[in-house]
Amino acid sequence: MSSTVVFTGGGTGGHIFPGLAVADELRQLYSEAGLQCRIVWIGSSKGMDGSIIEKSGSVDTFYGIPTGKLRRYFSLENLVDVFRIIGGCIASFFLLLKLRPAMVFSKGGFVSVPPCFAAGLLRIPVYTHECDFSPGLATRLNSRVARKVLLSYPQTASYFGKKFEGRVEVTGNPVRPVFYQADGQRGREFLGLEQGKPLLLVLGGSSGARQINQLVLENLEYLTAHFQVVHQTGGEKAGFDPAAVPENGGVYKHYSFIYSEMPDVIAAADLVLSRAGANSLWECAVLGKAMVLVPLWGAGTRGDQVENARFFVESGAGLSLEGDEADSQHLKAALDRMCDDGFRAGCSQKAFQMGNSQRPAQRIARLVFDEVASP
């Protein structure tokens, strides 16, 4: 017996990596049952989707479709994107008609809406997963055709009405299996670091974060006085200029992007300075890392990162710099507090407890497997 399962989602790594985690676990379940499974991913024909997914080795085939999104501010691009969305729906319909998958599993993001809509028209079962504390527009739209709406947080269920009773299930946020086998020593060897000052890992998401990059460069002297610093900067759009980095005696290292080594690098870190995207938060939690969070704030965001950050702070896993507090003064104060070994250890312990109470990717993969492969 062989099944085809279509995964969809993208636009950012936060919508891709959790889906790959489920794909890995699903393939393992099929293998253990002596069955075959073809895993296909439908993502954006532009951007990073194709390169990340094909590099992962988790997916048999990637198909790119036209994509568009509705922005939270006036833009002529919204008019153009209407036609892109229509094109994505048409492309998805004929792709699914050809593939005839047993299920479509959505990890969210604007690219997931056309495949889920097309699956609904073709009466193909749809499962959709929401990473964030409050559901985004894509999840709200996809939930209309979904057989199951899977959530990371119990509190998120309150956003769905009575008509979703029996369809909403809290599973946690899936993290790739490789994070559970990460090795800090391997991470230090990759980075070329020796034991010494605590290691501060700076993350701005898969595309980088201009705000965090600027904070790091403005405070590099302070940071390197207290930490060894490893900084994932993102691409050119994230506003990082390597030429602006002063001599630092090798205690500051920057990388535009770290992929396969990232689990070991996070495992090596003593402290993480990061945005508050769900994917980064839960990967750090699995590895028990104390965090200082700088959530995306203001116009152009629905506030999901602020909600995510507050949940982790209230759970005791770290500190957060929101809005105007994301400045040098508050950053130094937060890092000074994290230099207290006892406080940092307490945050690490809380994070570890949050990230290891269950294996969400396994749980979600089992739900999918039981839906499509059970007699």
# chains A, B, ... in the order shown; residues from 1 in each chain; ligands from 1
$ closest_atom_pairs --of "region 144-235 of chain A" --to "region 316-326 of chain A" --cutoff "9 Å" --atoms "only C-alpha atoms" --output "CSV"
residue,atom,partner,partner_atom,distance
A:Gln211,CA,A:Ala326,CA,8.5
A:Ile212,CA,A:Ala326,CA,8.7
A:Leu215,CA,A:Ala326,CA,8.3
$ write_last_selection --atoms "N, CA, C and O atoms" --output "mmCIF file, in the first residue's frame"
data_model
loop_
_atom_site.group_PDB
_atom_site.id
_atom_site.type_symbol
_atom_site.label_atom_id
_atom_site.label_comp_id
_atom_site.auth_asym_id
_atom_site.auth_seq_id
_atom_site.Cartn_x
_atom_site.Cartn_y
_atom_site.Cartn_z
ATOM 1 N N GLN A 211 16.089 44.972 13.172
ATOM 2 C CA GLN A 211 16.111 45.581 14.502
ATOM 3 C C GLN A 211 17.145 44.899 15.399
ATOM 4 O O GLN A 211 17.931 45.561 16.082
ATOM 5 N N ILE A 212 17.153 43.575 15.406
ATOM 6 C CA ILE A 212 18.099 42.842 16.248
ATOM 7 C C ILE A 212 19.520 43.037 15.747
ATOM 8 O O ILE A 212 20.459 43.212 16.541
ATOM 9 N N LEU A 215 20.727 46.333 17.037
ATOM 10 C CA LEU A 215 20.994 46.273 18.474
ATOM 11 C C LEU A 215 22.331 45.600 18.763
ATOM 12 O O LEU A 215 23.090 46.044 19.626
#
$ residues_around --residues "Gly161 (chain A)" --least-positions-apart "4" --cutoff "12 Å" --atoms "only C-alpha atoms" --output "JSON, numbers by chain"
{"A": [140, 143, 144, 156, 157, 165, 166, 167, 168]}
$ residues_around --residues "Val22 (chain A)" --least-positions-apart "6" --cutoff "7 Å" --atoms "only C-alpha atoms" --output "list in words"
Pro174, Ala361, Gln362, Ile364 and Ala365 of chain A
$ residues_around --residues "region 175-188 of chain A" --least-positions-apart "4" --cutoff "7 Å" --atoms "only C-alpha atoms" --output "PyMOL selection string"
chain A and resi 18+20-21+192-194+261+263-265+267-268+282-283+286+361
$ select_by_dssp --residues "region 118-367 of chain A" --states "strand (DSSP E)" --output "PyMOL selection string"
chain A and resi 126-130+148-151+168-170+199-203+228-232+252-255+271-274+290-293+318-320
$ write_last_selection --atoms "C-alpha atoms" --output "compact mmCIF listing (two decimals), in the first residue's frame"
# COMPACT_ATOMS: atom_id res chain seq x y z
CA VAL A 126 -7.48 18.76 5.23
CA TYR A 127 -5.64 19.07 8.56
CA THR A 128 -4.28 22.50 9.45
CA HIS A 129 -1.92 23.47 12.27
CA GLU A 130 -1.50 26.88 13.94
CA LYS A 148 -8.93 18.89 12.08
CA VAL A 149 -7.59 22.19 13.41
CA LEU A 150 -4.44 21.50 15.44
CA LEU A 151 -3.14 24.05 17.96
CA VAL A 168 -10.04 21.40 17.38
CA GLU A 169 -7.20 19.53 19.10
CA VAL A 170 -4.21 20.84 21.09
CA LEU A 199 27.77 31.63 24.50
CA LEU A 200 25.07 34.07 23.37
CA LEU A 201 23.28 32.96 20.20
CA VAL A 202 21.48 35.74 18.30
CA LEU A 203 18.64 34.71 15.97
CA GLN A 228 31.05 34.77 23.11
CA VAL A 229 28.53 35.85 20.46
CA VAL A 230 27.27 33.86 17.46
CA HIS A 231 24.93 35.88 15.27
CA GLN A 232 22.67 34.60 12.47
CA TYR A 252 31.97 37.47 17.78
CA LYS A 253 31.08 35.34 14.74
CA HIS A 254 28.34 36.06 12.22
CA TYR A 255 26.63 33.80 9.69
CA LEU A 271 21.50 32.03 26.18
CA VAL A 272 19.47 32.95 23.09
CA LEU A 273 18.55 36.48 21.93
CA SER A 274 15.77 36.08 19.40
CA ALA A 290 16.97 30.67 28.49
CA MET A 291 15.78 33.42 26.14
CA VAL A 292 15.73 37.18 25.78
CA LEU A 293 13.01 37.90 23.23
CA GLY A 318 12.94 34.13 29.69
CA LEU A 319 12.57 37.89 29.37
CA SER A 320 11.00 40.05 26.68
$ residues_around --residues "Thr67 (chain A)" --least-positions-apart "5" --cutoff "6 Å" --atoms "only C-alpha atoms" --output "VMD selection string"
chain A and resid 44 84 to 85 88 111
$ write_last_selection --atoms "all heavy atoms" --output "compact mmCIF listing (two decimals), in the first residue's frame"
# COMPACT_ATOMS: atom_id res chain seq x y z
N SER A 44 5.49 28.22 -2.20
CA SER A 44 5.60 29.38 -3.07
C SER A 44 6.64 29.15 -4.16
O SER A 44 7.71 28.59 -3.90
CB SER A 44 5.98 30.61 -2.25
OG SER A 44 6.21 31.72 -3.11
N ARG A 84 -2.66 36.76 -8.17
CA ARG A 84 -1.73 35.69 -7.81
C ARG A 84 -2.43 34.60 -7.01
O ARG A 84 -2.18 33.40 -7.20
CB ARG A 84 -0.55 36.26 -7.02
CG ARG A 84 0.36 37.16 -7.84
CD ARG A 84 1.44 37.76 -6.96
NE ARG A 84 2.34 38.62 -7.73
CZ ARG A 84 2.99 39.66 -7.23
NH1 ARG A 84 2.84 39.99 -5.96
NH2 ARG A 84 3.79 40.37 -7.99
N ILE A 85 -3.30 35.01 -6.09
CA ILE A 85 -4.04 34.04 -5.28
C ILE A 85 -4.95 33.21 -6.17
O ILE A 85 -5.04 31.97 -6.01
CB ILE A 85 -4.85 34.76 -4.19
CG1 ILE A 85 -3.89 35.40 -3.16
CG2 ILE A 85 -5.79 33.79 -3.48
CD1 ILE A 85 -4.57 36.35 -2.20
N GLY A 88 -2.86 30.78 -7.89
CA GLY A 88 -2.47 29.71 -6.98
C GLY A 88 -3.59 28.70 -6.77
O GLY A 88 -3.33 27.49 -6.68
N VAL A 111 0.66 30.98 1.54
CA VAL A 111 0.74 30.04 0.43
C VAL A 111 -0.15 28.83 0.65
O VAL A 111 -0.50 28.13 -0.30
CB VAL A 111 2.21 29.60 0.19
CG1 VAL A 111 2.69 28.71 1.32
CG2 VAL A 111 2.37 28.88 -1.14
$ select_by_dssp --residues "region 63-280 of chain A" --states "helix (DSSP H, G or I)" --output "mmCIF file with N, CA and C atoms, in the first residue's frame"
data_model
loop_
_atom_site.group_PDB
_atom_site.id
_atom_site.type_symbol
_atom_site.label_atom_id
_atom_site.label_comp_id
_atom_site.auth_asym_id
_atom_site.auth_seq_id
_atom_site.Cartn_x
_atom_site.Cartn_y
_atom_site.Cartn_z
ATOM 1 N N GLU A 77 0.161 46.397 -4.092
ATOM 2 C CA GLU A 77 0.481 44.971 -4.226
ATOM 3 C C GLU A 77 -0.715 44.107 -3.865
ATOM 4 N N ASN A 78 -1.602 44.608 -2.998
ATOM 5 C CA ASN A 78 -2.799 43.825 -2.653
ATOM 6 C C ASN A 78 -3.647 43.538 -3.887
ATOM 7 N N LEU A 79 -3.726 44.526 -4.790
ATOM 8 C CA LEU A 79 -4.507 44.333 -6.012
ATOM 9 C C LEU A 79 -3.862 43.282 -6.904
ATOM 10 N N VAL A 80 -2.553 43.356 -7.048
ATOM 11 C CA VAL A 80 -1.828 42.380 -7.859
ATOM 12 C C VAL A 80 -1.937 40.994 -7.246
ATOM 13 N N ASP A 81 -1.866 40.946 -5.914
ATOM 14 C CA ASP A 81 -1.862 39.649 -5.241
ATOM 15 C C ASP A 81 -3.198 38.919 -5.357
ATOM 16 N N VAL A 82 -4.287 39.646 -5.567
ATOM 17 C CA VAL A 82 -5.573 38.975 -5.796
ATOM 18 C C VAL A 82 -5.462 38.027 -6.974
ATOM 19 N N PHE A 83 -4.818 38.477 -8.038
ATOM 20 C CA PHE A 83 -4.672 37.634 -9.230
ATOM 21 C C PHE A 83 -3.682 36.502 -8.979
ATOM 22 N N ARG A 84 -2.663 36.758 -8.168
ATOM 23 C CA ARG A 84 -1.727 35.688 -7.814
ATOM 24 C C ARG A 84 -2.430 34.600 -7.012
ATOM 25 N N ILE A 85 -3.295 35.010 -6.089
ATOM 26 C CA ILE A 85 -4.039 34.043 -5.283
ATOM 27 C C ILE A 85 -4.954 33.207 -6.169
ATOM 28 N N ILE A 86 -5.627 33.855 -7.106
ATOM 29 C CA ILE A 86 -6.485 33.115 -8.042
ATOM 30 C C ILE A 86 -5.651 32.129 -8.849
ATOM 31 N N GLY A 87 -4.468 32.589 -9.298
ATOM 32 C CA GLY A 87 -3.574 31.690 -10.038
ATOM 33 C C GLY A 87 -3.132 30.516 -9.190
ATOM 34 N N GLY A 88 -2.862 30.779 -7.890
ATOM 35 C CA GLY A 88 -2.471 29.707 -6.981
ATOM 36 C C GLY A 88 -3.586 28.703 -6.774
ATOM 37 N N CYS A 89 -4.811 29.185 -6.708
ATOM 38 C CA CYS A 89 -5.956 28.281 -6.542
ATOM 39 C C CYS A 89 -6.116 27.371 -7.760
ATOM 40 N N ILE A 90 -5.982 27.957 -8.939
ATOM 41 C CA ILE A 90 -6.117 27.157 -10.163
ATOM 42 C C ILE A 90 -4.997 26.122 -10.255
ATOM 43 N N ALA A 91 -3.764 26.571 -9.993
ATOM 44 C CA ALA A 91 -2.630 25.646 -10.045
ATOM 45 C C ALA A 91 -2.780 24.529 -9.022
ATOM 46 N N SER A 92 -3.236 24.862 -7.819
ATOM 47 C CA SER A 92 -3.413 23.865 -6.767
ATOM 48 C C SER A 92 -4.488 22.851 -7.135
ATOM 49 N N PHE A 93 -5.570 23.335 -7.721
ATOM 50 C CA PHE A 93 -6.668 22.446 -8.099
ATOM 51 C C PHE A 93 -6.183 21.367 -9.065
ATOM 52 N N PHE A 94 -5.464 21.770 -10.087
ATOM 53 C CA PHE A 94 -5.017 20.788 -11.083
ATOM 54 C C PHE A 94 -3.882 19.908 -10.553
ATOM 55 N N LEU A 95 -3.054 20.450 -9.670
ATOM 56 C CA LEU A 95 -2.027 19.631 -9.031
ATOM 57 C C LEU A 95 -2.656 18.527 -8.184
ATOM 58 N N LEU A 96 -3.630 18.904 -7.358
ATOM 59 C CA LEU A 96 -4.274 17.919 -6.495
ATOM 60 C C LEU A 96 -5.096 16.932 -7.311
ATOM 61 N N LEU A 97 -5.663 17.395 -8.382
ATOM 62 C CA LEU A 97 -6.412 16.500 -9.275
ATOM 63 C C LEU A 97 -5.483 15.438 -9.845
ATOM 64 N N LYS A 98 -4.252 15.840 -10.143
ATOM 65 C CA LYS A 98 -3.266 14.887 -10.680
ATOM 66 C C LYS A 98 -2.718 13.976 -9.589
ATOM 67 N N LEU A 99 -2.421 14.533 -8.437
ATOM 68 C CA LEU A 99 -1.778 13.767 -7.370
ATOM 69 C C LEU A 99 -2.748 12.854 -6.628
ATOM 70 N N PHE A 110 0.457 32.336 3.989
ATOM 71 C CA PHE A 110 -0.435 32.710 2.893
ATOM 72 C C PHE A 110 -0.442 31.705 1.750
ATOM 73 N N VAL A 111 0.664 30.982 1.542
ATOM 74 C CA VAL A 111 0.742 30.043 0.430
ATOM 75 C C VAL A 111 -0.149 28.828 0.647
ATOM 76 N N SER A 112 -0.550 28.566 1.895
ATOM 77 C CA SER A 112 -1.325 27.353 2.179
ATOM 78 C C SER A 112 -2.797 27.482 1.817
ATOM 79 N N VAL A 113 -3.302 28.694 1.658
ATOM 80 C CA VAL A 113 -4.736 28.877 1.462
ATOM 81 C C VAL A 113 -5.216 28.290 0.135
ATOM 82 N N PRO A 114 -4.576 28.573 -1.021
ATOM 83 C CA PRO A 114 -5.063 27.981 -2.275
ATOM 84 C C PRO A 114 -5.086 26.445 -2.269
ATOM 85 N N PRO A 115 -4.034 25.737 -1.795
ATOM 86 C CA PRO A 115 -4.132 24.272 -1.773
ATOM 87 C C PRO A 115 -5.251 23.756 -0.863
ATOM 88 N N CYS A 116 -5.461 24.406 0.286
ATOM 89 C CA CYS A 116 -6.539 23.962 1.173
ATOM 90 C C CYS A 116 -7.907 24.220 0.533
ATOM 91 N N PHE A 117 -8.060 25.358 -0.103
ATOM 92 C CA PHE A 117 -9.317 25.675 -0.788
ATOM 93 C C PHE A 117 -9.585 24.662 -1.900
ATOM 94 N N ALA A 118 -8.543 24.345 -2.689
ATOM 95 C CA ALA A 118 -8.690 23.377 -3.772
ATOM 96 C C ALA A 118 -9.005 21.993 -3.218
ATOM 97 N N ALA A 119 -8.369 21.620 -2.106
ATOM 98 C CA ALA A 119 -8.647 20.320 -1.492
ATOM 99 C C ALA A 119 -10.101 20.237 -1.040
ATOM 100 N N GLY A 120 -10.620 21.350 -0.500
ATOM 101 C CA GLY A 120 -12.019 21.364 -0.103
ATOM 102 C C GLY A 120 -12.944 21.112 -1.282
ATOM 103 N N LEU A 121 -12.646 21.725 -2.417
ATOM 104 C CA LEU A 121 -13.467 21.521 -3.615
ATOM 105 C C LEU A 121 -13.411 20.068 -4.081
ATOM 106 N N LEU A 137 -4.757 34.752 9.756
ATOM 107 C CA LEU A 137 -5.800 34.764 8.738
ATOM 108 C C LEU A 137 -5.799 33.468 7.932
ATOM 109 N N ALA A 138 -4.615 32.949 7.607
ATOM 110 C CA ALA A 138 -4.546 31.717 6.817
ATOM 111 C C ALA A 138 -5.223 30.566 7.547
ATOM 112 N N THR A 139 -4.958 30.435 8.849
ATOM 113 C CA THR A 139 -5.592 29.365 9.617
ATOM 114 C C THR A 139 -7.093 29.563 9.699
ATOM 115 N N ARG A 140 -7.534 30.801 9.868
ATOM 116 C CA ARG A 140 -8.977 31.072 9.923
ATOM 117 C C ARG A 140 -9.659 30.649 8.614
ATOM 118 N N LEU A 141 -9.003 30.931 7.497
ATOM 119 C CA LEU A 141 -9.574 30.540 6.206
ATOM 120 C C LEU A 141 -9.497 29.029 6.010
ATOM 121 N N ASN A 142 -8.338 28.447 6.322
ATOM 122 C CA ASN A 142 -8.167 27.010 6.108
ATOM 123 C C ASN A 142 -9.084 26.188 7.010
ATOM 124 N N PRO A 154 -3.330 25.550 24.462
ATOM 125 C CA PRO A 154 -4.732 25.311 24.844
ATOM 126 C C PRO A 154 -5.588 26.563 24.737
ATOM 127 N N GLN A 155 -4.997 27.725 25.059
ATOM 128 C CA GLN A 155 -5.772 28.971 25.071
ATOM 129 C C GLN A 155 -6.284 29.350 23.683
ATOM 130 N N THR A 156 -5.620 28.863 22.626
ATOM 131 C CA THR A 156 -6.003 29.222 21.257
ATOM 132 C C THR A 156 -7.379 28.672 20.900
ATOM 133 N N ALA A 157 -7.806 27.612 21.575
ATOM 134 C CA ALA A 157 -9.102 27.005 21.266
ATOM 135 C C ALA A 157 -10.243 27.991 21.446
ATOM 136 N N SER A 158 -10.049 29.006 22.316
ATOM 137 C CA SER A 158 -11.121 29.974 22.579
ATOM 138 C C SER A 158 -11.441 30.832 21.360
ATOM 139 N N TYR A 159 -10.549 30.856 20.370
ATOM 140 C CA TYR A 159 -10.787 31.658 19.169
ATOM 141 C C TYR A 159 -11.744 30.961 18.191
ATOM 142 N N LYS A 162 -18.432 27.114 18.558
ATOM 143 C CA LYS A 162 -18.997 25.793 18.831
ATOM 144 C C LYS A 162 -19.003 24.896 17.603
ATOM 145 N N LYS A 163 -19.072 25.479 16.433
ATOM 146 C CA LYS A 163 -19.126 24.646 15.234
ATOM 147 C C LYS A 163 -17.828 23.870 15.012
ATOM 148 N N PHE A 164 -16.769 24.241 15.775
ATOM 149 C CA PHE A 164 -15.498 23.529 15.644
ATOM 150 C C PHE A 164 -15.328 22.453 16.717
ATOM 151 N N PRO A 177 12.795 16.185 14.521
ATOM 152 C CA PRO A 177 13.403 15.160 15.386
ATOM 153 C C PRO A 177 14.870 15.405 15.695
ATOM 154 N N VAL A 178 15.600 16.019 14.766
ATOM 155 C CA VAL A 178 17.038 16.217 14.955
ATOM 156 C C VAL A 178 17.342 17.077 16.177
ATOM 157 N N PHE A 179 16.390 17.922 16.591
ATOM 158 C CA PHE A 179 16.632 18.769 17.762
ATOM 159 C C PHE A 179 16.688 17.954 19.052
ATOM 160 N N TYR A 180 16.019 16.825 19.068
ATOM 161 C CA TYR A 180 16.026 16.001 20.270
ATOM 162 C C TYR A 180 17.331 15.206 20.398
ATOM 163 N N GLN A 181 18.131 15.175 19.335
ATOM 164 C CA GLN A 181 19.433 14.495 19.378
ATOM 165 C C GLN A 181 20.598 15.483 19.239
ATOM 166 N N GLY A 184 25.722 19.787 21.989
ATOM 167 C CA GLY A 184 26.387 21.071 22.150
ATOM 168 C C GLY A 184 27.856 21.032 21.803
ATOM 169 N N GLN A 185 28.524 19.912 22.053
ATOM 170 C CA GLN A 185 29.941 19.806 21.725
ATOM 171 C C GLN A 185 30.146 19.875 20.221
ATOM 172 N N ARG A 186 29.286 19.196 19.465
ATOM 173 C CA ARG A 186 29.367 19.298 18.001
ATOM 174 C C ARG A 186 29.158 20.733 17.555
ATOM 175 N N GLY A 187 28.235 21.435 18.226
ATOM 176 C CA GLY A 187 27.983 22.828 17.883
ATOM 177 C C GLY A 187 29.207 23.691 18.104
ATOM 178 N N ARG A 188 29.893 23.501 19.219
ATOM 179 C CA ARG A 188 31.105 24.282 19.495
ATOM 180 C C ARG A 188 32.204 23.961 18.493
ATOM 181 N N GLU A 189 32.310 22.697 18.093
ATOM 182 C CA GLU A 189 33.320 22.325 17.104
ATOM 183 C C GLU A 189 33.017 22.973 15.760
ATOM 184 N N PHE A 190 31.740 23.009 15.379
ATOM 185 C CA PHE A 190 31.361 23.679 14.129
ATOM 186 C C PHE A 190 31.709 25.166 14.189
ATOM 187 N N LEU A 191 31.436 25.785 15.339
ATOM 188 C CA LEU A 191 31.679 27.219 15.487
ATOM 189 C C LEU A 191 33.151 27.547 15.731
ATOM 190 N N ARG A 210 16.268 43.100 11.051
ATOM 191 C CA ARG A 210 17.022 44.355 11.002
ATOM 192 C C ARG A 210 17.162 44.969 12.395
ATOM 193 N N GLN A 211 16.089 44.972 13.172
ATOM 194 C CA GLN A 211 16.111 45.581 14.502
ATOM 195 C C GLN A 211 17.145 44.899 15.399
ATOM 196 N N ILE A 212 17.153 43.575 15.406
ATOM 197 C CA ILE A 212 18.099 42.842 16.248
ATOM 198 C C ILE A 212 19.520 43.037 15.747
ATOM 199 N N ASN A 213 19.708 43.027 14.441
ATOM 200 C CA ASN A 213 21.047 43.261 13.896
ATOM 201 C C ASN A 213 21.607 44.604 14.336
ATOM 202 N N GLN A 214 20.775 45.632 14.318
ATOM 203 C CA GLN A 214 21.230 46.955 14.734
ATOM 204 C C GLN A 214 21.555 46.989 16.217
ATOM 205 N N LEU A 215 20.727 46.333 17.037
ATOM 206 C CA LEU A 215 20.994 46.273 18.474
ATOM 207 C C LEU A 215 22.331 45.600 18.763
ATOM 208 N N VAL A 216 22.613 44.532 18.029
ATOM 209 C CA VAL A 216 23.873 43.827 18.237
ATOM 210 C C VAL A 216 25.055 44.712 17.883
ATOM 211 N N LEU A 217 25.007 45.352 16.731
ATOM 212 C CA LEU A 217 26.138 46.187 16.308
ATOM 213 C C LEU A 217 26.321 47.389 17.230
ATOM 214 N N GLU A 218 25.220 47.961 17.720
ATOM 215 C CA GLU A 218 25.313 49.112 18.621
ATOM 216 C C GLU A 218 25.927 48.734 19.973
ATOM 217 N N LEU A 220 27.994 45.897 20.549
ATOM 218 C CA LEU A 220 28.934 44.796 20.367
ATOM 219 C C LEU A 220 30.035 44.795 21.428
ATOM 220 N N GLU A 221 30.499 45.975 21.821
ATOM 221 C CA GLU A 221 31.545 46.033 22.841
ATOM 222 C C GLU A 221 31.048 45.443 24.156
ATOM 223 N N TYR A 222 29.820 45.822 24.550
ATOM 224 C CA TYR A 222 29.242 45.261 25.776
ATOM 225 C C TYR A 222 29.055 43.748 25.637
ATOM 226 N N LEU A 223 28.500 43.305 24.509
ATOM 227 C CA LEU A 223 28.195 41.892 24.315
ATOM 228 C C LEU A 223 29.452 41.029 24.386
ATOM 229 N N THR A 224 30.498 41.459 23.706
ATOM 230 C CA THR A 224 31.717 40.644 23.674
ATOM 231 C C THR A 224 32.495 40.707 24.985
ATOM 232 N N ALA A 225 32.203 41.695 25.818
ATOM 233 C CA ALA A 225 32.829 41.743 27.143
ATOM 234 C C ALA A 225 32.237 40.689 28.076
ATOM 235 N N HIS A 226 30.991 40.286 27.796
ATOM 236 C CA HIS A 226 30.295 39.353 28.676
ATOM 237 C C HIS A 226 30.097 37.963 28.062
ATOM 238 N N GLU A 236 20.750 40.211 2.859
ATOM 239 C CA GLU A 236 21.001 41.644 2.691
ATOM 240 C C GLU A 236 19.813 42.491 3.152
ATOM 241 N N LYS A 237 18.599 41.972 2.982
ATOM 242 C CA LYS A 237 17.410 42.747 3.356
ATOM 243 C C LYS A 237 17.324 42.987 4.860
ATOM 244 N N ALA A 238 18.066 42.202 5.650
ATOM 245 C CA ALA A 238 18.030 42.365 7.100
ATOM 246 C C ALA A 238 18.955 43.475 7.573
ATOM 247 N N PRO A 242 28.648 43.446 7.033
ATOM 248 C CA PRO A 242 29.829 42.857 7.670
ATOM 249 C C PRO A 242 30.977 43.846 7.834
ATOM 250 N N ALA A 243 31.049 44.828 6.932
ATOM 251 C CA ALA A 243 32.135 45.803 7.004
ATOM 252 C C ALA A 243 32.033 46.690 8.236
ATOM 253 N N ALA A 244 30.832 46.727 8.841
ATOM 254 C CA ALA A 244 30.635 47.583 10.022
ATOM 255 C C ALA A 244 31.078 46.894 11.304
ATOM 256 N N MET A 262 22.210 23.971 12.863
ATOM 257 C CA MET A 262 21.501 24.802 13.840
ATOM 258 C C MET A 262 21.104 24.061 15.113
ATOM 259 N N PRO A 263 20.613 22.836 15.071
ATOM 260 C CA PRO A 263 20.288 22.164 16.344
ATOM 261 C C PRO A 263 21.491 22.081 17.284
ATOM 262 N N ASP A 264 22.665 21.719 16.752
ATOM 263 C CA ASP A 264 23.862 21.628 17.588
ATOM 264 C C ASP A 264 24.315 22.998 18.071
ATOM 265 N N VAL A 265 24.125 24.019 17.245
ATOM 266 C CA VAL A 265 24.515 25.376 17.634
ATOM 267 C C VAL A 265 23.634 25.869 18.789
ATOM 268 N N ILE A 266 22.320 25.626 18.695
ATOM 269 C CA ILE A 266 21.437 26.028 19.800
ATOM 270 C C ILE A 266 21.789 25.239 21.060
ATOM 271 N N ALA A 267 22.086 23.957 20.889
ATOM 272 C CA ALA A 267 22.460 23.135 22.050
ATOM 273 C C ALA A 267 23.710 23.670 22.731
ATOM 274 N N ALA A 268 24.614 24.266 21.956
ATOM 275 C CA ALA A 268 25.859 24.804 22.515
ATOM 276 C C ALA A 268 25.649 26.116 23.258
ATOM 277 N N ALA A 278 7.131 31.347 16.621
ATOM 278 C CA ALA A 278 6.836 30.098 17.328
ATOM 279 C C ALA A 278 7.893 29.041 17.091
ATOM 280 N N ASN A 279 8.383 28.945 15.867
ATOM 281 C CA ASN A 279 9.334 27.885 15.547
ATOM 282 C C ASN A 279 10.613 28.019 16.373
ATOM 283 N N SER A 280 11.209 29.203 16.389
ATOM 284 C CA SER A 280 12.439 29.422 17.155
ATOM 285 C C SER A 280 12.209 29.197 18.644
#
$ residues_around --residues "Lys55 (chain A)" --least-positions-apart "4" --cutoff "10 Å" --atoms "only C-alpha atoms" --output "list of chain:residue names"
A:Gly50, A:Ser51, A:Val59, A:Tyr259, A:Ser260
